[in-house]
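A.B. asks: Got a structure for you, written out below as structure tokens; questions coming shortly.
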Amino acid sequence: MEGQEGWLLGPDPAGYFPYPSFRRYQRDVIAFAYNVLVRGQIGLVNAPCGIGKSIAILTAYLMARDTALPREEAKLMVLTRTKAQLEIYVREVRRIREKLGRELRAAVFASRKDMCPLKLDRPSLAKARYKDFLRTCRELRRGKRAVCPYYEATYRSRFKLSSATRAAVERALRLGAALPSEVLEIGRDLGVCSYEVVKCMARRADMLVGNYNYLLLEPVREAILWRFGADLPELNCVVDEAHNIDKWAVEVMSDDISSVSFSRAAREAEEYEVRDGGLMELMADYVDKLGQETYRLYGPDYERLIDPGLVAEDVLSKLGLTSRRVLIALLRSLEAEGDKIRLARAEEGEAAISYVGRCASFLIDFLSFSGREFAHYSLAVERDGNIRGRIGLRCLDPSITASILNELRSVILMSGTLWEPDYYVEVLGLDRSRAQFLSVPSPFPRSSRLLLVDKAVSTKYERRVEAEFNAIARRLSAIIRAIGGRVAVYFPSYDVMHEVLKRLELDRPCLVEDRRTKIEDVLSFLSSHEECVLLGVARGKVSEGVDLSAGGRGLLSGVVIVGLPYPRKTGLQEALTAYFREKFGRRGWHYANRVPCLVALAQSAGRLQRSEADRGVVVIMDKRAAGYFKRYLPRDWRVDMRSTNNLSKLITYIREFMGAWLARSS
């Protein structure tokens with residue numbers, strides 16, 4: 001365990017902990033977090049599932065707030081990625097109040113759309129894409145063309161709350177921490193905006209809980225923090241599931257769009273008599289042309305780099321415009337027309353969307369963001385035998401938005417897979433002089449997990465041929481049968497998954513992840529079958545951040561990871577690698593390629609054990625995992641790993657392990 005030297009002892013955590021006993025290593029996390037909070041540091045915590053990180057952090061915060069932090073520096077922001085993580089903090093705050101009698105209040109945010117009572121009355125708002133919804137909501141709050149009755153009832157005047165809003169705030173605060181769904185019901189019952197109610201709660205709260213946007217997006221951050229009564233240098237922050245923050249930090253400055261959207265925008269412009277000079281129809285053809293070129297060169301779903309300057313020149317020439325400034329002015333006017341269209345559609349009971357506005361906003365960003373930190377690309381998407389084009393903008397540098405963490409009083413980034421702390425310090429642009437690191441082992445007995453490597457196969461790019469897919473399918477079928485129960489299988493890509501699936505022989509029900517898969521359907525499927533197979537992709541919906549458990553116990557008896565989940569080699573990935581090499585030197589390739597692979601591997605394997613009582617098998621079907629790659633795995637993985645290219649020996653290992661488990665449990 002790292003980071004214990006020179007720790008401040010602090011008060012006894014038992015007086016701040018709402019449970020009768022501590023889990024293994026939980027006191028270490030509490031002590032580390034307390035020191036980070038008191039000393040104003042940036043702490044990175046690698047603590048696997050089962051330790052109870054959330055309540056450990058809240059315990060440390062209570063200790064620091066009550067004994068060491070000045071009142072003006074005692075505000076806490078908690079950033080989560082999923083609804084399930086948000087609900088954990090609500091539950092723990094309520095338990096602290098109930099069991100310890102300590103005053104602790106949290107303002108818990110979901111998105112404006114999730115908390116909108118008007119969308120319950122007008123389904124057209126619920127159908128809108130999130131960005132369309134936000135722009136429609138903004139126009140309704142401005143009240144120039146139409147008004148939101150809930151927002152109008154929230155304030156008596158610009159700065160004075162209505163009596164109904166004050167009542168809603170009091171009702172929600174009595175809960176200590178109210179779920180967004182609970183505040184939504186309160187707001188609807190009293191006829192006021194639920195999102196504004198939570199903003200009003202923030203002024204009297206000790207904690208603010210929301211997704212990463214509440215810190216990383218400047219407009220959201222500025223709108224909320226003044227309500228919270230904390231400037232950045234006074235604010236303490238916890239980033240949950242922090243292995244995601246690098247991806248989130250670039251995604252907030254990235255976007256892509258299809259030729260279909262431009263075609264719809266062209267029809268919309270004609271329907272609503274919007275003068276776009278033929279821009280949308282031109283872009284539909286242009287994006288499809290780029291897509292066709294990309295398809296001929298690389299096939300589908302390959303991100304080919306394109307020059308935005310050349311795109312701008314082509315568009316200006318074909319439209320007969322004189323400068324990029326004139327084009328941007330046209331796009332700004334089309335954004336405003338999009339706002340009018342959304343309102344008109346909402347009032348007519350249609351989905352509050354505007355393709356004109358959406359396409360205009362995208363093109364403004366596509367043409368405005370430039371430099372080495374951004375990449376522009378084209379790709380071809382194949383659907384039902386048709387090839388359509390897409391273009392996109394990708395930010396390559398997470399530090400552009402994530403370096404805001406340095407301005408906070410203290411930060412705790414925690415996850416079960418922060419295996420590479422230097423990566424997060426460098427890529428997020430964190431102040432190394434303030435950075436501290438704690439890594440604790442898994443609290444689960446190592447004997448409850450069998451870790452195997454099948455060295456006979458690999459998904460390395462040059463080995464992706466028919467013979468290799470046949471071998472993978474044959475061996476995978478045998479491994480699934482030997483494990484029994486519920487088995488999750490994760491592939492490095494959809495392409496590899498479908499190639500293996502064509503050859504796979506299964507004798508039990510299976511669910512195959514696609515882009516429409518819902519987590520609730522996955523849990524229902526697993527709960528309904530004692531023997532079944534879930535097939536998905538690493539970094540997909542069913543491999544990261546999802547709790548495949550029921551009643552506190554994991555649902556899986558095995559996880560099979562087919563191949564090492566390196567990022568796919570595309571022009572965009574090459575651009576990222578080149579940018580990281582320029583910025584980080586020899587570590588650049590490792591940061592751009594191997595670290596994402598390690599995180600995806602760890603996250604996939606982490607779906608197996610969700611409690612101390614869980615046991616099961618993890619199989620990595622790739623010879624590279626037992627070679628040079630092995631040195632980058634945690635020590636317990638390296639020690640516990642068994643590898644062989646003999647299928648009979650693999651099956652024997654699995655059957656002996658599973659047989660011993662069944663014998664002890666019967």
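By convention here, the chains of the structure tokens are called A, B, ... in the order presented, each chain's residues are numbered starting at 1, and ligands are numbered starting at 1 in the order presented.
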Extract, using only C-alpha atoms, all DNA, RNA and protein residues at most 8 Å from Thr459 of chain A, discarding same-chain residues fewer than 5 positions from it, and format them as a PyMOL selection string.
C.D. replies: chain A and resi 464+562-564+622
A.B. asks: Can you tell me, as a ChimeraX atom specification, what residues are no more than 12 Å from Ser527 of chain A when counting only C-alpha atoms, ignoring any on the same chain fewer than 6 positions away?
C.D. replies: /A:485-486,520-521,533-534,548-551,553-556
A.B. asks: Rank A:Leu526, A:Leu511, A:Arg516, A:Arg97 by their smallest atom-to-atom distance to Arg174 of chain A, using only C-alpha atoms, and report the top residue only.
C.D. replies: A:Arg97
A.B. asks: Restricting the calculation to only C-alpha atoms: of A:Glu462, A:Glu373, A:Asp28, A:Glu139, which residue gets closest to Leu8 of chain A?
C.D. replies: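 Distance minimum relative to Leu8 of chain A lands on A:Asp28.
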A.B. asks: When you count only C-alpha atoms, which of these residues is closest to Glu303 of chain A: A:Gly571, A:Gly389, A:Pro219, A:Pro123?
C.D. replies: A:Gly571
A.B. asks: How far is it from atom CA of Leu118 of chain A to atom CA of Phe159 of chain A, in Å with one decimal?
C.D. replies: 21.9 Å
A.B. asks: Write out as a list of chain:residue names the set of residues from segment 71-274 of chain A that DSSP, computed on the backbone, places in strand (DSSP E or B).
C.D. replies: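 The strand (DSSP E or B) residues within segment 71-274 of chain A come out as A:Lys75, A:Leu76, A:Met77, A:Val78, A:Leu79, A:Thr80, A:Ala106, A:Ala107, A:Val108, A:Tyr155, A:Leu161, A:Ala177, A:Met207, A:Leu208, A:Val209, A:Gly210, A:Asn211, A:Leu235, A:Asn236, A:Cys237, A:Val238, A:Val239, A:Asp255, A:Asp256, A:Ile257, A:Ser258.
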A.B. asks: Those residues with C-alpha atoms, as a PDB file, in the first residue's frame please?
C.D. replies:
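Written out: again.pdb:
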```pdb
ATOM      1  CA  LYS A  75     -18.212  22.807   0.552  1.00  0.00           C
ATOM      2  CA  LEU A  76     -18.028  19.469  -1.271  1.00  0.00           C
ATOM      3  CA  MET A  77     -18.824  18.741  -4.917  1.00  0.00           C
ATOM      4  CA  VAL A  78     -19.287  15.069  -5.867  1.00  0.00           C
ATOM      5  CA  LEU A  79     -19.149  14.207  -9.558  1.00  0.00           C
ATOM      6  CA  THR A  80     -20.649  10.917 -10.708  1.00  0.00           C
ATOM      7  CA  ALA A 106     -27.020  17.627  -0.454  1.00  0.00           C
ATOM      8  CA  ALA A 107     -28.331  19.253  -3.617  1.00  0.00           C
ATOM      9  CA  VAL A 108     -28.535  16.411  -6.131  1.00  0.00           C
ATOM     10  CA  TYR A 155     -39.983  33.322  -9.373  1.00  0.00           C
ATOM     11  CA  LEU A 161     -38.689  33.078  -5.230  1.00  0.00           C
ATOM     12  CA  ALA A 177     -30.636  14.366   0.023  1.00  0.00           C
ATOM     13  CA  MET A 207     -22.746  19.008  -0.843  1.00  0.00           C
ATOM     14  CA  LEU A 208     -23.531  19.235  -4.524  1.00  0.00           C
ATOM     15  CA  VAL A 209     -23.896  15.963  -6.446  1.00  0.00           C
ATOM     16  CA  GLY A 210     -24.065  15.840 -10.239  1.00  0.00           C
ATOM     17  CA  ASN A 211     -22.342  14.569 -13.353  1.00  0.00           C
ATOM     18  CA  LEU A 235     -14.263  24.030  -3.258  1.00  0.00           C
ATOM     19  CA  ASN A 236     -13.438  20.405  -2.456  1.00  0.00           C
ATOM     20  CA  CYS A 237     -14.277  17.860  -5.129  1.00  0.00           C
ATOM     21  CA  VAL A 238     -14.675  14.079  -5.451  1.00  0.00           C
ATOM     22  CA  VAL A 239     -14.609  12.500  -8.905  1.00  0.00           C
ATOM     23  CA  ASP A 255     -19.278  15.933 -31.899  1.00  0.00           C
ATOM     24  CA  ASP A 256     -20.226  14.210 -35.152  1.00  0.00           C
ATOM     25  CA  ILE A 257     -23.153  14.311 -37.557  1.00  0.00           C
ATOM     26  CA  SER A 258     -24.505  12.335 -40.520  1.00  0.00           C
TER      27      SER A 258
END
```
A.B. asks: Of the candidates A:Val38, A:Lys541, A:Leu179, A:Leu184, which one gets nearest to Arg91 of chain A if we count only C-alpha atoms?
C.D. replies: A:Leu179
A.B. asks: When distances are computed from only C-alpha atoms, which of A:Gly371, A:Gly15, A:Pro441, A:Gly558 shows the smallest separation from Val487 of chain A?
C.D. replies: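 Counting only C-alpha atoms, the residue closest to Val487 of chain A is A:Gly558.
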A.B. asks: Which residue gives the smallest distance to Gln26 of chain A among A:Thr417, A:Ser157, A:Ser261, A:Ser439, with only C-alpha atoms counted?
C.D. replies: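 Looking only at the distances to Gln26 of chain A, the closest residue turns out to be A:Ser439.
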A.B. asks: I need the residues of segment 15-114 of chain A that end up classed as helix (DSSP H, G or I) by DSSP on the backbone, written out as a PyMOL selection string.
C.D. replies: chain A and resi 15-16+26-39+53-67+71-73+83-100
A.B. asks: One decimal, Å: what's the distance from atom CA of Arg304 of chain A over to atom CA of Tyr130 of chain A, could you say?
C.D. replies: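 A separation of 27.5 Å between them.
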A.B. asks: Taking 2 positions as the minimum chain separation for residues in the same chain, which residues sit within 12 Å of Arg325 of chain A when counting only C-alpha atoms? Answer as a short mmCIF file (atom, residue, chain, number, x, y, z; two decimals) with all heavy atoms, in the first residue's frame.
C.D. replies:
```
data_model
loop_
_atom_site.label_atom_id
_atom_site.label_comp_id
_atom_site.auth_asym_id
_atom_site.auth_seq_id
_atom_site.Cartn_x
_atom_site.Cartn_y
_atom_site.Cartn_z
N ALA A 312 -13.98 24.04 -45.69
CA ALA A 312 -14.50 25.42 -45.71
C ALA A 312 -14.35 26.04 -47.09
O ALA A 312 -15.27 26.69 -47.60
CB ALA A 312 -13.78 26.26 -44.66
N LEU A 316 -17.46 27.34 -49.34
CA LEU A 316 -17.51 28.74 -49.74
C LEU A 316 -17.58 28.88 -51.26
O LEU A 316 -18.36 29.68 -51.80
CB LEU A 316 -16.27 29.48 -49.21
CG LEU A 316 -16.23 29.74 -47.70
CD1 LEU A 316 -14.85 30.25 -47.29
CD2 LEU A 316 -17.29 30.75 -47.29
N LEU A 321 -19.80 32.31 -51.54
CA LEU A 321 -19.55 33.25 -50.44
C LEU A 321 -18.11 33.73 -50.48
O LEU A 321 -17.22 33.05 -51.02
CB LEU A 321 -19.85 32.58 -49.10
CG LEU A 321 -21.29 32.10 -48.89
CD1 LEU A 321 -21.46 31.42 -47.54
CD2 LEU A 321 -22.27 33.27 -49.01
N THR A 322 -17.86 34.89 -49.86
CA THR A 322 -16.54 35.52 -49.99
C THR A 322 -15.56 35.17 -48.89
O THR A 322 -14.35 35.26 -49.09
CB THR A 322 -16.71 37.05 -50.02
OG1 THR A 322 -17.43 37.47 -48.84
CG2 THR A 322 -17.49 37.48 -51.26
N SER A 323 -16.04 34.81 -47.69
CA SER A 323 -15.11 34.54 -46.60
C SER A 323 -15.75 33.60 -45.58
O SER A 323 -16.97 33.45 -45.53
CB SER A 323 -14.71 35.85 -45.90
OG SER A 323 -15.82 36.38 -45.18
N LEU A 327 -19.69 32.95 -43.81
CA LEU A 327 -20.30 31.63 -43.60
C LEU A 327 -20.71 31.44 -42.14
O LEU A 327 -21.82 30.95 -41.85
CB LEU A 327 -19.32 30.53 -44.02
CG LEU A 327 -19.77 29.08 -43.79
CD1 LEU A 327 -21.09 28.80 -44.50
CD2 LEU A 327 -18.69 28.11 -44.25
N ILE A 328 -19.84 31.85 -41.23
CA ILE A 328 -20.17 31.72 -39.79
C ILE A 328 -21.39 32.59 -39.45
O ILE A 328 -22.26 32.17 -38.67
CB ILE A 328 -18.96 32.12 -38.92
CG1 ILE A 328 -17.80 31.13 -39.12
CG2 ILE A 328 -19.35 32.17 -37.45
CD1 ILE A 328 -18.08 29.73 -38.65
N ALA A 329 -21.46 33.78 -40.02
CA ALA A 329 -22.62 34.65 -39.76
C ALA A 329 -23.90 33.98 -40.24
O ALA A 329 -24.95 34.04 -39.58
CB ALA A 329 -22.43 35.99 -40.46
N LEU A 330 -23.85 33.32 -41.42
CA LEU A 330 -25.01 32.58 -41.92
C LEU A 330 -25.40 31.47 -40.95
O LEU A 330 -26.59 31.28 -40.64
CB LEU A 330 -24.70 32.00 -43.30
CG LEU A 330 -25.73 31.00 -43.87
CD1 LEU A 330 -27.08 31.67 -44.07
CD2 LEU A 330 -25.22 30.40 -45.19
N LEU A 331 -24.40 30.76 -40.45
CA LEU A 331 -24.67 29.65 -39.53
C LEU A 331 -25.28 30.16 -38.22
O LEU A 331 -26.17 29.51 -37.65
CB LEU A 331 -23.39 28.88 -39.25
CG LEU A 331 -22.83 28.09 -40.45
CD1 LEU A 331 -21.42 27.57 -40.14
CD2 LEU A 331 -23.76 26.94 -40.81
N ARG A 332 -24.83 31.29 -37.73
CA ARG A 332 -25.42 31.87 -36.51
C ARG A 332 -26.90 32.19 -36.72
O ARG A 332 -27.74 31.96 -35.83
CB ARG A 332 -24.67 33.14 -36.11
CG ARG A 332 -23.23 32.94 -35.70
CD ARG A 332 -23.09 32.31 -34.34
NE ARG A 332 -21.70 32.23 -33.93
CZ ARG A 332 -21.25 31.40 -33.00
NH1 ARG A 332 -22.09 30.56 -32.38
NH2 ARG A 332 -19.98 31.38 -32.68
N ILE A 364 -20.55 25.27 -36.94
CA ILE A 364 -19.83 26.36 -36.27
C ILE A 364 -18.65 25.79 -35.49
O ILE A 364 -17.52 26.29 -35.58
CB ILE A 364 -20.78 27.15 -35.34
CG1 ILE A 364 -21.76 27.97 -36.18
CG2 ILE A 364 -19.98 28.07 -34.41
CD1 ILE A 364 -22.88 28.59 -35.37
N LEU A 367 -15.86 24.23 -37.85
CA LEU A 367 -15.03 25.22 -38.53
C LEU A 367 -14.24 26.11 -37.57
O LEU A 367 -13.25 26.71 -37.96
CB LEU A 367 -15.90 26.10 -39.44
CG LEU A 367 -16.63 25.37 -40.57
CD1 LEU A 367 -17.58 26.32 -41.28
CD2 LEU A 367 -15.63 24.77 -41.56
N SER A 368 -14.68 26.17 -36.31
CA SER A 368 -14.05 27.09 -35.36
C SER A 368 -12.91 26.45 -34.57
O SER A 368 -11.91 27.11 -34.25
CB SER A 368 -15.10 27.63 -34.37
OG SER A 368 -16.12 28.32 -35.05
#
```
A.B. asks: With a distance cut-off of 10 Å and only C-alpha atoms, select the neighbouring residues of Pro308 of chain A, excluding the residue or stretch itself and same-chain residues fewer than 6 positions from it, and output the selection as a list in words.
C.D. replies: Asp314, Phe366, Leu367, Ser368, Phe369, Ser370, Ala375, His376, Tyr377 and Leu393 of chain A
A.B. asks: When you draw a straight line from atom CA of Tyr34 of chain A to atom CA of Pro443 of chain A, how long is it in Å?
C.D. replies: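 Rounded to one decimal, the two atoms are 20.8 Å apart.
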A.B. asks: Excluding Lys247 of chain A and its own-chain neighbours fewer than 4 positions away, which residues fall within 12 Å of it when counting only C-alpha atoms? Please give them as a short mmCIF file (atom, residue, chain, number, x, y, z; two decimals) with N, CA and C atoms, in the first residue's frame.
C.D. replies:
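For reference, out.cif as written:
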```cif
data_model
loop_
_atom_site.label_atom_id
_atom_site.label_comp_id
_atom_site.auth_asym_id
_atom_site.auth_seq_id
_atom_site.Cartn_x
_atom_site.Cartn_y
_atom_site.Cartn_z
N ARG A 81 -20.85 9.55 -12.70
CA ARG A 81 -21.07 9.32 -14.12
C ARG A 81 -22.44 8.74 -14.41
N TYR A 212 -20.21 14.97 -14.41
CA TYR A 212 -18.94 15.68 -14.62
C TYR A 212 -19.13 17.06 -15.26
N LEU A 216 -16.78 20.48 -15.57
CA LEU A 216 -15.99 20.59 -16.80
C LEU A 216 -16.56 21.58 -17.81
N GLU A 241 -15.63 7.12 -10.19
CA GLU A 241 -15.34 6.43 -11.46
C GLU A 241 -14.42 7.27 -12.32
N ALA A 242 -13.31 7.74 -11.71
CA ALA A 242 -12.45 8.73 -12.35
C ALA A 242 -11.69 8.18 -13.54
N HIS A 243 -11.70 6.87 -13.75
CA HIS A 243 -11.06 6.35 -14.96
C HIS A 243 -11.78 6.83 -16.22
N GLU A 251 -14.97 14.40 -24.74
CA GLU A 251 -16.28 14.27 -25.39
C GLU A 251 -17.11 15.54 -25.30
N VAL A 252 -16.91 16.34 -24.23
CA VAL A 252 -17.68 17.58 -24.12
C VAL A 252 -17.28 18.59 -25.18
N MET A 253 -16.12 18.37 -25.83
CA MET A 253 -15.67 19.26 -26.90
C MET A 253 -15.61 18.54 -28.24
N SER A 254 -16.34 17.45 -28.37
CA SER A 254 -16.35 16.65 -29.59
C SER A 254 -17.79 16.45 -30.06
N ARG A 394 -13.11 15.85 -33.12
CA ARG A 394 -12.70 15.19 -31.87
C ARG A 394 -11.60 16.00 -31.19
N CYS A 395 -11.81 16.33 -29.93
CA CYS A 395 -10.77 16.93 -29.11
C CYS A 395 -9.80 15.82 -28.70
N LEU A 396 -8.51 16.08 -28.78
CA LEU A 396 -7.49 15.09 -28.45
C LEU A 396 -6.88 15.29 -27.08
N ASP A 397 -7.13 16.44 -26.47
CA ASP A 397 -6.41 16.80 -25.23
C ASP A 397 -7.38 16.98 -24.07
N PRO A 398 -7.47 16.00 -23.15
CA PRO A 398 -8.37 16.13 -21.99
C PRO A 398 -8.04 17.31 -21.09
N SER A 399 -6.78 17.75 -21.08
CA SER A 399 -6.39 18.82 -20.14
C SER A 399 -7.03 20.16 -20.49
N THR A 401 -10.08 20.87 -20.77
CA THR A 401 -11.18 21.07 -19.82
C THR A 401 -10.84 20.56 -18.43
N ALA A 402 -10.07 19.46 -18.32
CA ALA A 402 -9.85 18.82 -17.01
C ALA A 402 -8.86 19.56 -16.12
N TYR A 424 -3.01 9.73 -15.47
CA TYR A 424 -4.06 10.69 -15.14
C TYR A 424 -3.46 12.04 -14.76
N VAL A 427 -2.06 13.38 -18.40
CA VAL A 427 -3.04 13.59 -19.46
C VAL A 427 -4.10 14.60 -19.03
N LEU A 428 -4.47 14.62 -17.75
CA LEU A 428 -5.45 15.59 -17.27
C LEU A 428 -4.82 16.94 -16.96
N ARG A 539 -15.42 -1.57 -23.33
CA ARG A 539 -15.74 -0.14 -23.41
C ARG A 539 -17.19 0.10 -23.84
N ALA A 592 -1.75 6.57 -25.26
CA ALA A 592 -2.82 6.60 -26.26
C ALA A 592 -3.41 5.23 -26.53
N PRO A 596 -5.70 2.79 -22.33
CA PRO A 596 -7.12 2.49 -22.58
C PRO A 596 -7.41 1.00 -22.63
N VAL A 599 -7.49 -0.27 -18.96
CA VAL A 599 -8.72 0.14 -18.29
C VAL A 599 -9.89 -0.71 -18.75
#
```
A.B. asks: Show which residues sit within 9 Å of Ala265 of chain A, as a PyMOL selection string. Count only C-alpha atoms, and ignore same-chain residues fewer than 2 positions away.
C.D. replies: chain A and resi 260-263+267-270+280-281+284+354-359
A.B. asks: Can you pull out every residue within 12 Å of Arg203 of chain A, counting only C-alpha atoms, but drop anything in the same chain fewer than 5 positions away, and send it as a PDB file with N, CA and C atoms, in the first residue's frame?
C.D. replies:
```pdb
ATOM      1  N   LYS A  75     -17.239  23.277   1.537  1.00  0.00           N
ATOM      2  CA  LYS A  75     -18.212  22.807   0.552  1.00  0.00           C
ATOM      3  C   LYS A  75     -17.620  21.640  -0.237  1.00  0.00           C
ATOM      4  N   ARG A 105     -26.590  18.163   4.262  1.00  0.00           N
ATOM      5  CA  ARG A 105     -27.568  18.414   3.210  1.00  0.00           C
ATOM      6  C   ARG A 105     -26.891  18.369   1.842  1.00  0.00           C
ATOM      7  N   ALA A 106     -27.561  17.754   0.899  1.00  0.00           N
ATOM      8  CA  ALA A 106     -27.020  17.627  -0.454  1.00  0.00           C
ATOM      9  C   ALA A 106     -28.024  18.121  -1.479  1.00  0.00           C
ATOM     10  N   ALA A 107     -27.543  18.880  -2.442  1.00  0.00           N
ATOM     11  CA  ALA A 107     -28.331  19.253  -3.617  1.00  0.00           C
ATOM     12  C   ALA A 107     -27.917  18.310  -4.740  1.00  0.00           C
ATOM     13  N   VAL A 169     -38.564  23.835  -1.872  1.00  0.00           N
ATOM     14  CA  VAL A 169     -37.196  23.743  -1.345  1.00  0.00           C
ATOM     15  C   VAL A 169     -37.205  23.165   0.069  1.00  0.00           C
ATOM     16  N   LEU A 173     -35.427  19.700   1.212  1.00  0.00           N
ATOM     17  CA  LEU A 173     -34.323  19.762   2.172  1.00  0.00           C
ATOM     18  C   LEU A 173     -34.571  18.885   3.388  1.00  0.00           C
ATOM     19  N   GLU A 196     -34.820  24.248 -11.057  1.00  0.00           N
ATOM     20  CA  GLU A 196     -34.582  25.498 -10.325  1.00  0.00           C
ATOM     21  C   GLU A 196     -34.701  25.280  -8.817  1.00  0.00           C
ATOM     22  N   VAL A 197     -35.551  24.360  -8.411  1.00  0.00           N
ATOM     23  CA  VAL A 197     -35.668  24.039  -6.980  1.00  0.00           C
ATOM     24  C   VAL A 197     -34.342  23.510  -6.454  1.00  0.00           C
ATOM     25  N   VAL A 198     -33.700  22.596  -7.207  1.00  0.00           N
ATOM     26  CA  VAL A 198     -32.410  22.061  -6.756  1.00  0.00           C
ATOM     27  C   VAL A 198     -31.352  23.164  -6.739  1.00  0.00           C
ATOM     28  N   LEU A 208     -22.874  19.208  -3.228  1.00  0.00           N
ATOM     29  CA  LEU A 208     -23.531  19.235  -4.524  1.00  0.00           C
ATOM     30  C   LEU A 208     -23.152  17.951  -5.250  1.00  0.00           C
ATOM     31  N   ILE A 224     -24.061  27.187 -11.637  1.00  0.00           N
ATOM     32  CA  ILE A 224     -24.367  26.441 -10.421  1.00  0.00           C
ATOM     33  C   ILE A 224     -23.543  26.907  -9.221  1.00  0.00           C
ATOM     34  N   LEU A 225     -22.254  27.162  -9.421  1.00  0.00           N
ATOM     35  CA  LEU A 225     -21.380  27.402  -8.264  1.00  0.00           C
ATOM     36  C   LEU A 225     -21.731  28.672  -7.504  1.00  0.00           C
ATOM     37  N   TRP A 226     -22.207  29.715  -8.191  1.00  0.00           N
ATOM     38  CA  TRP A 226     -22.561  30.916  -7.442  1.00  0.00           C
ATOM     39  C   TRP A 226     -23.751  30.653  -6.534  1.00  0.00           C
ATOM     40  N   ARG A 227     -24.637  29.742  -6.956  1.00  0.00           N
ATOM     41  CA  ARG A 227     -25.750  29.329  -6.099  1.00  0.00           C
ATOM     42  C   ARG A 227     -25.238  28.535  -4.908  1.00  0.00           C
ATOM     43  N   PHE A 228     -24.228  27.714  -5.168  1.00  0.00           N
ATOM     44  CA  PHE A 228     -23.654  26.860  -4.122  1.00  0.00           C
ATOM     45  C   PHE A 228     -22.874  27.685  -3.104  1.00  0.00           C
ATOM     46  N   GLY A 229     -22.504  28.902  -3.476  1.00  0.00           N
ATOM     47  CA  GLY A 229     -21.779  29.773  -2.556  1.00  0.00           C
ATOM     48  C   GLY A 229     -20.333  29.388  -2.379  1.00  0.00           C
ATOM     49  N   ALA A 230     -19.710  28.874  -3.448  1.00  0.00           N
ATOM     50  CA  ALA A 230     -18.306  28.465  -3.348  1.00  0.00           C
ATOM     51  C   ALA A 230     -17.575  28.862  -4.617  1.00  0.00           C
TER      52      ALA A 230
END
```
